[in-house]
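A.B. asks: Below you'll find model.pdb; it's PDB, C-alpha atoms.
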ATOM      1  CA  MET F   1       0.000   0.000   0.000
ATOM      2  CA  ASN F   2       1.546   3.231  -1.085
ATOM      3  CA  ARG F   3      -0.076   5.688   1.290
ATOM      4  CA  ASP F   4       1.416   8.969   2.361
ATOM      5  CA  LYS F   5       3.081   8.298   5.677
ATOM      6  CA  ASN F   6       1.547  11.416   7.173
ATOM      7  CA  LEU F   7      -1.978  10.034   6.878
ATOM      8  CA  PRO F   8      -4.248   9.833   8.714
ATOM      9  CA  LEU F   9      -3.892  13.302  10.143
ATOM     10  CA  THR F  10      -4.823  13.808  13.769
ATOM     11  CA  GLU F  11      -7.793  16.041  14.477
ATOM     12  CA  THR F  12      -5.454  18.637  15.938
ATOM     13  CA  THR F  13      -3.243  18.728  12.842
ATOM     14  CA  TYR F  14      -6.164  18.681  10.438
ATOM     15  CA  TYR F  15      -7.939  21.614  12.049
ATOM     16  CA  ILE F  16      -4.768  23.674  12.421
ATOM     17  CA  LEU F  17      -4.047  23.222   8.707
ATOM     18  CA  LEU F  18      -7.603  24.143   7.900
ATOM     19  CA  ALA F  19      -7.413  27.220  10.089
ATOM     20  CA  LEU F  20      -4.171  28.308   8.439
ATOM     21  CA  LEU F  21      -5.611  28.472   4.934
ATOM     22  CA  GLU F  22      -5.769  32.109   6.016
ATOM     23  CA  PRO F  23      -2.773  33.604   7.885
ATOM     24  CA  ALA F  24      -3.210  33.681  11.647
ATOM     25  CA  HIS F  25      -1.175  33.901  14.851
ATOM     26  CA  GLY F  26      -1.171  31.492  17.802
ATOM     27  CA  TYR F  27      -4.217  32.550  19.779
ATOM     28  CA  MET F  28      -6.222  33.227  16.621
ATOM     29  CA  ILE F  29      -5.494  29.649  15.515
ATOM     30  CA  MET F  30      -6.855  28.448  18.856
ATOM     31  CA  GLN F  31     -10.102  30.350  18.391
ATOM     32  CA  LYS F  32     -10.476  29.391  14.732
ATOM     33  CA  VAL F  33     -10.031  25.694  15.449
ATOM     34  CA  GLU F  34     -12.670  25.863  18.158
ATOM     35  CA  GLU F  35     -15.048  27.554  15.746
ATOM     36  CA  LEU F  36     -14.335  25.267  12.769
ATOM     37  CA  SER F  37     -14.750  22.128  14.856
ATOM     38  CA  ASN F  38     -17.996  23.278  16.438
ATOM     39  CA  ASN F  39     -16.358  23.423  19.871
ATOM     40  CA  GLN F  40     -15.261  19.787  19.593
ATOM     41  CA  VAL F  41     -11.528  20.473  19.430
ATOM     42  CA  ARG F  42     -10.241  22.903  22.022
ATOM     43  CA  LEU F  43      -6.479  23.331  21.916
ATOM     44  CA  ALA F  44      -4.511  24.340  24.983
ATOM     45  CA  ALA F  45      -1.477  26.602  24.645
ATOM     46  CA  GLY F  46       1.162  23.946  25.362
ATOM     47  CA  THR F  47      -0.390  21.536  22.898
ATOM     48  CA  LEU F  48      -0.745  24.186  20.215
ATOM     49  CA  TYR F  49       2.831  25.418  20.521
ATOM     50  CA  GLY F  50       4.181  21.896  20.090
ATOM     51  CA  ALA F  51       1.864  21.220  17.152
ATOM     52  CA  ILE F  52       2.969  24.415  15.387
ATOM     53  CA  GLU F  53       6.643  23.478  15.862
ATOM     54  CA  ASN F  54       5.940  20.057  14.442
ATOM     55  CA  LEU F  55       4.043  21.374  11.405
ATOM     56  CA  MET F  56       6.862  23.830  10.703
ATOM     57  CA  LYS F  57       9.360  20.973  10.763
ATOM     58  CA  LEU F  58       7.194  19.026   8.329
ATOM     59  CA  LYS F  59       6.985  22.183   6.187
ATOM     60  CA  PHE F  60       3.180  22.015   6.202
ATOM     61  CA  ILE F  61       3.035  25.600   7.477
ATOM     62  CA  MET F  62       5.365  28.559   7.215
ATOM     63  CA  PRO F  63       5.928  31.767   9.187
ATOM     64  CA  LEU F  64       5.069  35.134   7.693
ATOM     65  CA  GLU F  65       6.424  38.603   8.385
ATOM     66  CA  SER F  66       4.265  40.259  11.000
ATOM     67  CA  GLU F  67       4.171  43.752  12.472
ATOM     68  CA  ASP F  68       3.342  42.382  15.896
ATOM     69  CA  LYS F  69       6.768  41.417  17.204
ATOM     70  CA  ARG F  70       5.294  39.434  20.074
ATOM     71  CA  ARG F  71       3.040  37.215  17.968
ATOM     72  CA  LYS F  72       4.259  35.136  15.061
ATOM     73  CA  VAL F  73       1.920  34.708  12.115
ATOM     74  CA  TYR F  74       1.703  31.452  10.147
ATOM     75  CA  LYS F  75       0.179  30.244   6.899
ATOM     76  CA  ILE F  76      -0.301  26.858   5.252
ATOM     77  CA  THR F  77       2.168  25.819   2.528
ATOM     78  CA  GLU F  78       1.465  24.048  -0.773
ATOM     79  CA  LYS F  79       2.750  20.835   0.774
ATOM     80  CA  GLY F  80       0.320  21.381   3.651
ATOM     81  CA  LYS F  81      -2.567  21.903   1.237
ATOM     82  CA  ASP F  82      -1.634  18.695  -0.588
ATOM     83  CA  VAL F  83      -1.699  16.620   2.556
ATOM     84  CA  LEU F  84      -5.002  18.208   3.551
ATOM     85  CA  ARG F  85      -6.486  17.186   0.191
ATOM     86  CA  LEU F  86      -5.144  13.654   0.569
ATOM     87  CA  ASP F  87      -6.765  13.299   3.962
ATOM     88  CA  LEU F  88     -10.002  14.729   2.608
ATOM     89  CA  GLU F  89     -10.025  12.034  -0.087
ATOM     90  CA  ARG F  90      -9.339   9.378   2.506
ATOM     91  CA  MET F  91     -12.255  10.557   4.627
ATOM     92  CA  GLN F  92     -14.595  10.945   1.668
ATOM     93  CA  HIS F  93     -13.976   7.343   0.709
ATOM     94  CA  MET F  94     -14.640   6.266   4.263
ATOM     95  CA  ILE F  95     -17.923   8.201   4.336
ATOM     96  CA  GLU F  96     -19.167   6.710   1.072
ATOM     97  CA  ILE F  97     -18.236   3.187   1.953
ATOM     98  CA  THR F  98     -19.825   3.519   5.401
ATOM     99  CA  LYS F  99     -23.059   4.883   3.979
ATOM    100  CA  GLU F 100     -23.203   1.935   1.595
ATOM    101  CA  ASN F 101     -22.548  -0.720   4.193
ATOM    102  CA  LEU F 102     -24.076   0.678   7.378
ATOM    103  CA  ASN F 103     -27.550   1.132   5.937
ATOM    104  CA  LYS F 104     -27.910  -2.391   4.531
TER     105      LYS F 104
ATOM    106  CA  MET T   1      10.068  31.454  53.038
ATOM    107  CA  ASN T   2      12.326  29.019  51.175
ATOM    108  CA  VAL T   3      11.930  25.277  50.755
ATOM    109  CA  PHE T   4      14.381  22.777  49.348
ATOM    110  CA  LYS T   5      12.615  20.085  47.335
ATOM    111  CA  CYS T   6      13.356  17.803  44.403
ATOM    112  CA  PHE T   7      10.655  16.662  41.989
ATOM    113  CA  ILE T   8      10.872  14.224  39.131
ATOM    114  CA  ASP T   9       7.133  14.080  38.513
ATOM    115  CA  TYR T  10       5.730  17.392  37.288
ATOM    116  CA  SER T  11       2.137  16.664  38.341
ATOM    117  CA  LYS T  12       3.272  16.204  41.947
ATOM    118  CA  GLU T  13       5.184  19.473  41.755
ATOM    119  CA  GLU T  14       2.121  21.266  40.346
ATOM    120  CA  LYS T  15      -0.072  19.899  43.119
ATOM    121  CA  TRP T  16       2.419  20.991  45.760
ATOM    122  CA  LEU T  17       2.666  24.538  44.388
ATOM    123  CA  ASN T  18      -1.129  24.793  44.290
ATOM    124  CA  GLU T  19      -1.327  23.686  47.922
ATOM    125  CA  MET T  20       1.294  26.244  48.906
ATOM    126  CA  ALA T  21      -0.742  28.955  47.189
ATOM    127  CA  LYS T  22      -3.832  27.876  49.131
ATOM    128  CA  LYS T  23      -1.853  28.256  52.343
ATOM    129  CA  GLY T  24      -0.931  31.798  51.347
ATOM    130  CA  TYR T  25       2.526  31.285  49.876
ATOM    131  CA  LYS T  26       3.028  32.922  46.508
ATOM    132  CA  PHE T  27       5.638  31.167  44.371
ATOM    133  CA  THR T  28       8.231  33.635  43.092
ATOM    134  CA  ASN T  29      11.317  31.738  41.937
ATOM    135  CA  VAL T  30      13.199  28.466  41.989
ATOM    136  CA  ASP T  31      16.729  27.186  41.484
ATOM    137  CA  PHE T  32      17.098  24.082  43.633
ATOM    138  CA  VAL T  33      15.219  25.914  46.358
ATOM    139  CA  TYR T  34      11.671  27.146  45.997
ATOM    140  CA  TYR T  35      11.167  30.797  47.010
ATOM    141  CA  PHE T  36       7.824  32.024  48.309
ATOM    142  CA  ARG T  37       6.394  35.313  49.388
ATOM    143  CA  LYS T  38       3.687  35.622  52.038
ATOM    144  CA  ALA T  39       0.412  36.553  50.333
ATOM    145  CA  GLU T  40      -3.355  36.101  50.497
ATOM    146  CA  PRO T  41      -4.372  32.435  50.282
ATOM    147  CA  GLU T  42      -5.359  31.785  46.708
ATOM    148  CA  ASP T  43      -6.926  28.872  44.880
ATOM    149  CA  ALA T  44      -4.247  29.123  42.203
ATOM    150  CA  ILE T  45      -3.791  26.643  39.396
ATOM    151  CA  ILE T  46      -0.156  26.335  38.422
ATOM    152  CA  ARG T  47       1.018  24.251  35.449
ATOM    153  CA  ILE T  48       4.501  23.396  34.298
ATOM    154  CA  ASP T  49       5.962  23.021  30.812
ATOM    155  CA  TYR T  50       9.491  22.141  29.833
ATOM    156  CA  ARG T  51      11.001  23.910  26.853
ATOM    157  CA  THR T  52      14.131  25.861  25.877
ATOM    158  CA  PHE T  53      14.389  28.432  23.095
ATOM    159  CA  LYS T  54      17.241  29.131  20.728
ATOM    160  CA  LYS T  55      15.876  32.514  19.689
ATOM    161  CA  ARG T  56      14.577  35.184  22.037
ATOM    162  CA  GLU T  57      11.682  35.954  19.666
ATOM    163  CA  ASP T  58      10.497  32.332  19.924
ATOM    164  CA  TYR T  59      10.473  32.642  23.709
ATOM    165  CA  ILE T  60       8.453  35.869  23.582
ATOM    166  CA  ASN T  61       6.069  34.300  21.061
ATOM    167  CA  TYR T  62       5.609  31.325  23.410
ATOM    168  CA  CYS T  63       4.882  33.474  26.491
ATOM    169  CA  THR T  64       2.472  35.693  24.547
ATOM    170  CA  LEU T  65       0.543  32.680  23.274
ATOM    171  CA  PHE T  66       0.058  31.464  26.836
ATOM    172  CA  GLU T  67      -0.893  34.913  28.063
ATOM    173  CA  ASP T  68      -3.427  35.326  25.248
ATOM    174  CA  SER T  69      -5.023  32.026  26.205
ATOM    175  CA  GLY T  70      -5.255  32.836  29.912
ATOM    176  CA  TRP T  71      -1.978  31.649  31.455
ATOM    177  CA  LYS T  72       0.450  34.075  33.077
ATOM    178  CA  HIS T  73       4.120  33.131  32.880
ATOM    179  CA  ILE T  74       5.276  33.422  36.496
ATOM    180  CA  VAL T  75       8.663  31.676  36.677
ATOM    181  CA  GLY T  76      11.156  30.647  34.014
ATOM    182  CA  THR T  77      13.571  32.052  31.444
ATOM    183  CA  GLN T  78      14.544  31.399  27.851
ATOM    184  CA  TRP T  79      17.065  28.760  28.912
ATOM    185  CA  SER T  80      15.796  27.608  32.296
ATOM    186  CA  GLY T  81      13.804  24.799  30.687
ATOM    187  CA  THR T  82      11.074  24.639  33.301
ATOM    188  CA  GLN T  83       8.323  27.176  32.639
ATOM    189  CA  TYR T  84       5.684  27.864  35.291
ATOM    190  CA  PHE T  85       2.250  29.249  34.417
ATOM    191  CA  LYS T  86      -0.672  30.428  36.529
ATOM    192  CA  LYS T  87      -4.233  30.466  35.276
ATOM    193  CA  ILE T  88      -5.576  34.016  35.133
ATOM    194  CA  ASN T  89      -8.716  33.566  33.064
ATOM    195  CA  ASP T  90     -11.711  31.782  34.548
ATOM    196  CA  ASP T  91     -12.924  30.645  31.142
ATOM    197  CA  THR T  92      -9.824  28.659  30.221
ATOM    198  CA  GLU T  93      -9.466  24.955  30.789
ATOM    199  CA  ASP T  94      -7.435  23.832  33.790
ATOM    200  CA  ASP T  95      -4.480  22.472  31.860
ATOM    201  CA  ILE T  96      -1.966  23.809  29.362
ATOM    202  CA  PHE T  97      -2.136  20.524  27.457
ATOM    203  CA  SER T  98      -5.304  19.303  25.809
ATOM    204  CA  ASP T  99      -4.136  15.828  24.810
ATOM    205  CA  SER T 100      -1.939  13.213  26.454
ATOM    206  CA  ALA T 101       0.507  13.083  23.553
ATOM    207  CA  SER T 102       1.655  16.659  24.137
ATOM    208  CA  LYS T 103       1.578  16.175  27.909
ATOM    209  CA  ALA T 104       3.881  13.188  27.494
ATOM    210  CA  GLY T 105       6.013  15.084  24.991
ATOM    211  CA  LYS T 106       7.094  17.409  27.784
ATOM    212  CA  TYR T 107       8.653  14.493  29.669
ATOM    213  CA  LYS T 108      10.407  13.355  26.515
ATOM    214  CA  ARG T 109      12.100  16.771  26.224
ATOM    215  CA  VAL T 110      13.270  16.509  29.849
ATOM    216  CA  SER T 111      14.593  12.994  29.295
ATOM    217  CA  ASN T 112      16.554  14.118  26.236
ATOM    218  CA  MET T 113      18.047  16.929  28.275
ATOM    219  CA  TRP T 114      19.389  14.540  30.930
ATOM    220  CA  LEU T 115      20.797  12.192  28.312
ATOM    221  CA  SER T 116      22.565  14.943  26.407
ATOM    222  CA  MET T 117      24.021  16.217  29.680
ATOM    223  CA  SER T 118      25.584  12.840  30.395
ATOM    224  CA  VAL T 119      27.155  12.581  26.917
ATOM    225  CA  PRO T 120      30.172  14.908  27.490
ATOM    226  CA  PHE T 121      31.190  12.812  30.478
ATOM    227  CA  ILE T 122      31.546   9.643  28.448
ATOM    228  CA  PRO T 123      34.692  10.605  26.473
ATOM    229  CA  LEU T 124      36.154  11.894  29.746
ATOM    230  CA  LEU T 125      35.583   8.521  31.332
ATOM    231  CA  ILE T 126      37.046   6.729  28.341
ATOM    232  CA  SER T 127      40.189   8.879  28.271
ATOM    233  CA  ASN T 128      40.606   8.382  32.004
ATOM    234  CA  PHE T 129      40.427   4.676  31.433
ATOM    235  CA  TYR T 130      43.114   4.773  28.762
ATOM    236  CA  ASN T 131      45.561   7.091  30.516
ATOM    237  CA  GLY T 132      45.759   4.785  33.452
ATOM    238  CA  THR T 133      43.787   6.798  35.953
ATOM    239  CA  ILE T 134      41.204   4.072  36.076
ATOM    240  CA  ASP T 135      43.263   1.042  36.837
ATOM    241  CA  ILE T 136      42.160  -2.236  38.356
ATOM    242  CA  ASN T 137      45.479  -2.394  40.218
ATOM    243  CA  LYS T 138      44.859   0.933  41.875
ATOM    244  CA  ILE T 139      41.461  -0.172  43.116
ATOM    245  CA  LEU T 140      42.785  -3.428  44.496
ATOM    246  CA  ASN T 141      45.997  -2.032  45.926
ATOM    247  CA  PRO T 142      45.497   1.553  47.098
ATOM    248  CA  LYS T 143      49.105   1.788  48.221
ATOM    249  CA  LEU T 144      50.019   2.481  44.593
ATOM    250  CA  LEU T 145      48.280   5.819  44.889
ATOM    251  CA  TYR T 146      50.814   7.133  47.329
ATOM    252  CA  PHE T 147      53.849   8.599  45.642
ATOM    253  CA  THR T 148      55.866   9.706  48.673
ATOM    254  CA  PRO T 149      59.158   7.803  48.464
ATOM    255  CA  GLY T 150      59.734   5.483  51.360
ATOM    256  CA  LEU T 151      56.309   6.197  52.855
ATOM    257  CA  TRP T 152      55.606   2.657  53.893
ATOM    258  CA  GLU T 153      59.009   2.247  55.556
ATOM    259  CA  LYS T 154      58.445   5.131  57.966
ATOM    260  CA  THR T 155      57.327   4.583  61.535
ATOM    261  CA  GLY T 156      55.412   6.324  64.259
ATOM    262  CA  THR T 157      54.460   9.979  63.911
ATOM    263  CA  ASN T 158      56.641  10.377  60.820
ATOM    264  CA  PHE T 159      54.487   7.806  59.070
ATOM    265  CA  TRP T 160      51.159   9.185  60.217
ATOM    266  CA  PHE T 161      52.073  12.741  59.283
ATOM    267  CA  ALA T 162      53.191  11.793  55.783
ATOM    268  CA  PHE T 163      50.337   9.385  55.263
ATOM    269  CA  LEU T 164      47.574  11.778  56.311
ATOM    270  CA  PHE T 165      49.132  14.598  54.350
ATOM    271  CA  GLU T 166      49.122  12.665  51.113
ATOM    272  CA  THR T 167      45.788  10.912  51.605
ATOM    273  CA  PRO T 168      43.578  13.612  50.059
ATOM    274  CA  PHE T 169      45.876  13.778  47.015
ATOM    275  CA  ALA T 170      45.931  10.014  46.721
ATOM    276  CA  LEU T 171      42.176   9.870  46.875
ATOM    277  CA  LEU T 172      41.916  12.464  44.140
ATOM    278  CA  ARG T 173      44.489  10.674  42.048
ATOM    279  CA  GLY T 174      42.809   7.361  42.366
ATOM    280  CA  TYR T 175      39.129   8.002  42.611
ATOM    281  CA  SER T 176      38.141  11.288  41.023
ATOM    282  CA  TRP T 177      36.985   9.332  37.991
ATOM    283  CA  VAL T 178      34.321   7.809  40.234
ATOM    284  CA  ILE T 179      32.624  11.181  40.303
ATOM    285  CA  LEU T 180      32.454  11.193  36.505
ATOM    286  CA  LEU T 181      30.984   7.714  36.507
ATOM    287  CA  LEU T 182      28.448   8.619  39.171
ATOM    288  CA  VAL T 183      27.379  11.694  37.234
ATOM    289  CA  VAL T 184      26.829   9.669  34.065
ATOM    290  CA  ILE T 185      24.884   7.011  35.957
ATOM    291  CA  LEU T 186      22.792   9.620  37.767
ATOM    292  CA  TYR T 187      21.889  11.448  34.574
ATOM    293  CA  VAL T 188      20.985   8.205  32.817
ATOM    294  CA  ILE T 189      18.790   7.224  35.777
ATOM    295  CA  PHE T 190      16.987  10.577  35.593
ATOM    296  CA  ALA T 191      16.510  10.164  31.855
ATOM    297  CA  LEU T 192      15.058   6.681  32.348
ATOM    298  CA  LYS T 193      12.775   7.765  35.189
ATOM    299  CA  VAL T 194      11.386  10.505  33.037
ATOM    300  CA  LYS T 195      10.968   8.144  30.066
ATOM    301  CA  ILE T 196       8.920   5.863  32.303
ATOM    302  CA  ILE T 197       6.595   8.698  33.252
ATOM    303  CA  TYR T 198       6.370   9.587  29.551
ATOM    304  CA  ARG T 199       5.215   6.059  28.693
ATOM    305  CA  GLN T 200       2.771   6.116  31.588
ATOM    306  CA  VAL T 201       1.195   9.340  30.401
ATOM    307  CA  LYS T 202       0.989   8.022  26.843
ATOM    308  CA  ARG T 203      -0.739   4.898  28.096
ATOM    309  CA  GLU T 204      -3.328   7.065  29.806
ATOM    310  CA  GLU T 205      -4.194   8.514  26.422
ATOM    311  CA  ARG T 206      -4.998   5.076  25.050
ATOM    312  CA  ALA T 207      -7.108   4.407  28.105
ATOM    313  CA  GLU T 208      -9.032   7.623  27.521
ATOM    314  CA  VAL T 209      -9.949   6.506  24.007
TER     315      VAL T 209
END
Could the structure of this file be written out as structure tokens, please?

C.D. replies:
Amino acid sequence: MNRDKNLPLTETTYYILLALLEPAHGYMIMQKVEELSNNQVRLAAGTLYGAIENLMKLKFIMPLESEDKRRKVYKITEKGKDVLRLDLERMQHMIEITKENLNK
Amino acid sequence: MNVFKCFIDYSKEEKWLNEMAKKGYKFTNVDFVYYFRKAEPEDAIIRIDYRTFKKREDYINYCTLFEDSGWKHIVGTQWSGTQYFKKINDDTEDDIFSDSASKAGKYKRVSNMWLSMSVPFIPLLISNFYNGTIDINKILNPKLLYFTPGLWEKTGTNFWFAFLFETPFALLRGYSWVILLLVVILYVIFALKVKIIYRQVKREERAEV
């Protein structure tokens, strides 16, 4: 099976990538993820900081120049968008196949 | 008021600091000793993270993120490693970690720190072994450590004076490498202890699911 080794994405990673389709800084990411996930995924500061570091290492997100020197701003990269699409496909398949089989 | 205490488990340390705050002791600083100031008893929630920062701007970014989300940075510096936070917003959750993986990750960083601290001692030990400082003969026959000519032929007070005078030097000559070995062993033990806690915390995550 030749699947991208980054899949499946964790909920945390997935929502952070989604939130960073638009540039945002740390606390904004926290609020956006809460909103996007309908209050299901609430990230704490320690968890978020580690996740951002990790995503930077993987080059899924990148820092942007910001005027606020105390708050770094991030944005998703093309690589990040690709992995988001791959996970979307994975989940779409799972949804279809479940609908077929669960309602028999 | 100052207290000397040593913690390996961060959750025990957090609990202790919270209890001290309830008794009216405000935590102000720590090196190996915890420093407190007398204050109003407070139902404070203190949480601990472990992280160091290569760039000052990363450190400021980190502290601002916590502050924005309701956690005041009360003790810690860019290189101190241990970072102490106090909850200042009633709406925030009670922990700075929202999943066990990141909670465990903190312990992994501590464990790596201990291991990397023990590394520089290993070549020292090896070179000591090769230059003859660590010698089986010396351990079995401590007399070899004494270099005073004719020491063992002396008698009475002459002997005792010479013997006692050289003893501290002999001990250093023969056994100072033991300190290096002990340091390496101690650091490795700390690293392992922390790794065990890390695995424990990770296991809790699987139990939660």

A.B. asks: Here is a test: counting only C-alpha atoms, which residue of F:His25, F:Val73, F:Leu20, F:Gly50 is nearest to Phe97 in chain T?

C.D. replies: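 Using only C-alpha atoms, the shortest distance to Phe97 in chain T belongs to F:Gly50.
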
A.B. asks: Within 7 Å of chain T, which residues of chain F come that close, and what is the closest atom pair and distance in Å for each? Count only C-alpha atoms and give it as a tab-separated table.

C.D. replies:
residue	atom	partner	partner_atom	distance
F:Gly26	CA	T:Leu65	CA	5.9
F:Tyr27	CA	T:Leu65	CA	5.9
F:Leu43	CA	T:Ser98	CA	5.7
F:Ala44	CA	T:Ile96	CA	5.1
F:Ala45	CA	T:Ile96	CA	5.5
F:Gly46	CA	T:Ile96	CA	5.1
F:Thr47	CA	T:Phe97	CA	5.0
F:Arg70	CA	T:Asn61	CA	5.3
F:Arg71	CA	T:Asn61	CA	5.2
F:Lys72	CA	T:Asn61	CA	6.3

A.B. asks: Kindly give the distance, in Å, that separates CA of Ile97 in chain F and CA of Glu11 in chain F, rounded to a single decimal.

C.D. replies: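 Between CA of Ile97 in chain F and CA of Glu11 in chain F the gap is 20.8 Å.
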
A.B. asks: Could you check how far CA of Val33 in chain F sits from CA of Ala44 in chain T, in Å to one decimal?

C.D. replies: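 Between CA of Val33 in chain F and CA of Ala44 in chain T the gap is 27.6 Å.
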
A.B. asks: Need to verify the contact set: Ile29 in chain F, 10 Å, all atoms listed in the file, exclusion of same-chain residues closer than 4 positions in sequence. Can you return it as a list of chain:residue names?

C.D. replies: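 What passes the distance filter is F:Tyr15, F:Ile16, F:Leu17, F:Leu18, F:Ala19, F:Leu20, F:Glu22, F:Pro23, F:Ala24, F:His25, F:Val33, F:Glu34, F:Glu35, F:Leu43, F:Leu48, F:Ile52, F:Val73, F:Tyr74.
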
A.B. asks: Counting only C-alpha atoms, which residues have an atom no more than 6 Å from (-1.5, 29.3, 46.1) in the file's coordinates? Please list them as an MDAnalysis selection string.

C.D. replies: chainID T and resid 18:22 24:26 41:44

A.B. asks: Determine, counting only C-alpha atoms, every residue of protein, DNA or RNA that lies within 12 Å of (1.9, 20.3, 42.8) in the file coordinates, then give the result as a PyMOL selection string.

C.D. replies: chain T and resi 5-22+27+44-48+84

A.B. asks: Hey, can you check how far CA of Lys86 in chain T sits from CA of Lys72 in chain T?

C.D. replies: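 CA of Lys86 in chain T sits 5.1 Å away from CA of Lys72 in chain T.
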
A.B. asks: Translate the PyMOL selection byres ((chain F and resi 85-93) around 12) into a concrete residue list for this structure, as number ranges by chain.

C.D. replies: F: 3-11, 13-15, 17-18, 78-84, 94-100

A.B. asks: Find, counting all atoms listed in the file, the residue in F:Met62, F:Lys32, F:Arg42, F:Glu53 that gets nearest to Thr77 in chain F.

C.D. replies: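 Smallest distance to Thr77 in chain F is found for F:Met62.
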
A.B. asks: Which neighbours of Ile189 in chain T fall inside 10 Å, counting all atoms listed in the file, when residues of the same chain fewer than 5 positions from it are skipped, and could you give them as a ChimeraX atom specification?

C.D. replies: /T:111,114-115,183-184,194-195

A.B. asks: Enclose all atoms of range 181-198 of chain T listed in the file in an axis-aligned box, grow every side by 3 Å, and hand back centre and edge lengths in Å to one decimal, as JSON.

C.D. replies:
{"center_x": 18.7, "center_y": 8.8, "center_z": 34.4, "size_x": 30.6, "size_y": 11.8, "size_z": 15.6}
